[in-house]
Each structure stands twice: as structure tokens, then as C-alpha cells.
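Report on the following structure.
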Amino acid sequence: MKTTIRKQNDVPFVEGNSPVLNARPHMNAVKSVRRLGYLLLFTGLAAISTSCGVGWISAEPSYGIEIERPARPGVGYVWINGGWRWDYHSHNYVREPGYWSSPRAHHSYRDGYWRSGPRGKAWVRGHWERGHDRDDRR
């Protein structure tokens, strides 16, 4: 068996007829680990995207009893109306109560609302958005 040592990409490499001499087991391990990493990454992304989906319903749920607003905890607080939260176990929307919040500088609060789509209705949560300060300190 004839073997020749030559450099391949500046790494000593033994040429010959034996597959053992030409094998680079560390490179195969690196490729396997990389493939496993990609598999875990894509599996995780798929799981997250399916768990964070919006719940669609045919009609808005009943608001039921109006919750009485508690006393303002201090000067300058703004009332954030309650909303709805999707419960993944029961596959229904659950009512969330309103609460007092200190205002954020140069932001206003946009109340949540029901959005209609081809699959039904879905709740869009309220959020603070950059803009003018909220004038009504209800």
C-alpha cells in the first residue's frame, strides 16, 4: 500500500487506499452536531409558533357583569380597561379585569378590540403606543 503525505488546505493529509487513513472523524462529528442543532432549532420554532397563535371564535363572548373600578391609588394614574386572554387549555377567551397604571411619558394607551377575520373574531390586546399623553385621567 502506497501512502503519500501532502498538504490539503494547509493540513497534513495522508493519501492512500485505506479509508481509515483518509477519514476525518472529527469532521463527521461536527456535521452531526450541527445537523442536530438545526433540527432542535426548527423544532423549537415550530412549537413556539403553534403555541402563540391567536384564538379565533365565531362571536364575541358576553361581557357579563361590569367590574366596579376601585379607587385611584394616587394622582396621575390612568385606568386600563380589562380585556380578554386566550386560554389554551379550554380554547376560550377568559375575561381579564381592568387596573390602574401610572402613565408612561409620551405614550398613550390604546384599548384592546375585537378584530374580524375570515376565521371569525380574535382579541387584539391593548398596548401603550408612542404618541401624545393620555388626556382623560378618568
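Every chain in the C-alpha cells takes a letter, A first, then B, and so on in the order presented; its residues are numbered from 1, and the ligands are numbered from 1 following the presented order.
Neighbouring residues of Ser62 of chain A at 12 Å or closer, counting only C-alpha atoms and skipping chain neighbours under 6 positions away, are Gly83, Trp84, Asn92, Tyr93, Val94 and Arg95 of chain A.
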Need the shell around Gly74 of chain A: protein/DNA/RNA residues with any atom at most 10 Å away, counting only C-alpha atoms. Skip same-chain ones fewer than 6 positions apart. Format as a PDB file with N, CA and C atoms, in the first residue's frame?
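Saved the output as around.pdb:
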```
ATOM      1  N   TRP A 100     -55.412  50.040  37.440  1.00  0.00           N
ATOM      2  CA  TRP A 100     -54.804  51.365  37.400  1.00  0.00           C
ATOM      3  C   TRP A 100     -53.332  51.225  37.044  1.00  0.00           C
ATOM      4  N   SER A 101     -52.833  52.163  36.254  1.00  0.00           N
ATOM      5  CA  SER A 101     -51.428  52.140  35.860  1.00  0.00           C
ATOM      6  C   SER A 101     -50.882  53.558  35.860  1.00  0.00           C
ATOM      7  N   SER A 102     -49.617  53.694  36.205  1.00  0.00           N
ATOM      8  CA  SER A 102     -49.002  55.015  36.090  1.00  0.00           C
ATOM      9  C   SER A 102     -48.729  55.265  34.610  1.00  0.00           C
TER      10      SER A 102
END
```
Between A:Gly37, A:Gly117, A:Gly76, A:Pro97, which residue has the minimum interatomic distance to Gly64 of chain A, considering only C-alpha atoms? A:Pro97
So that I can check the surroundings of Arg115 of chain A, please list as a compact mmCIF listing (two decimals) with C-alpha atoms, in the first residue's frame every protein, DNA and RNA residue that reaches within 10 Å of it, counting only C-alpha atoms and ignoring chain neighbours fewer than 5 positions away.
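This is the output file out-v8.txt:
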```
# COMPACT_ATOMS: atom_id res chain seq x y z
CA TRP A 56 -60.50 32.52 16.76
CA GLU A 60 -67.61 37.90 20.86
CA GLY A 120 -64.00 34.57 12.98
CA LYS A 121 -63.14 37.10 15.67
CA ALA A 122 -59.93 37.46 17.67
CA TRP A 123 -59.00 39.76 20.54
CA VAL A 124 -56.19 42.26 19.95
```
Pick out the residues sitting within 9 Å of Asn81 of chain A, and hand them over as a list in words; count only C-alpha atoms, and ignore anything fewer than 6 positions along from it in its own chain. Glu96, Pro97, Gly98, Tyr99, Trp100, Asp111, Gly112 and Gly126 of chain A
Rounded to one decimal in Å, what is the spacing between atom CA of Thr43 of chain A and atom CA of Ile57 of chain A?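 Rounded to one decimal, the two atoms are 27.7 Å apart.
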Separating atom CA of His106 of chain A from atom CA of Glu129 of chain A, to the nearest tenth of an Å, is a gap of 8.6 Å
Pick out the closest residue to Trp79 of chain A from this set: A:Ser58, A:Tyr109, A:Arg119, A:Ile67. Count only C-alpha atoms. A:Tyr109
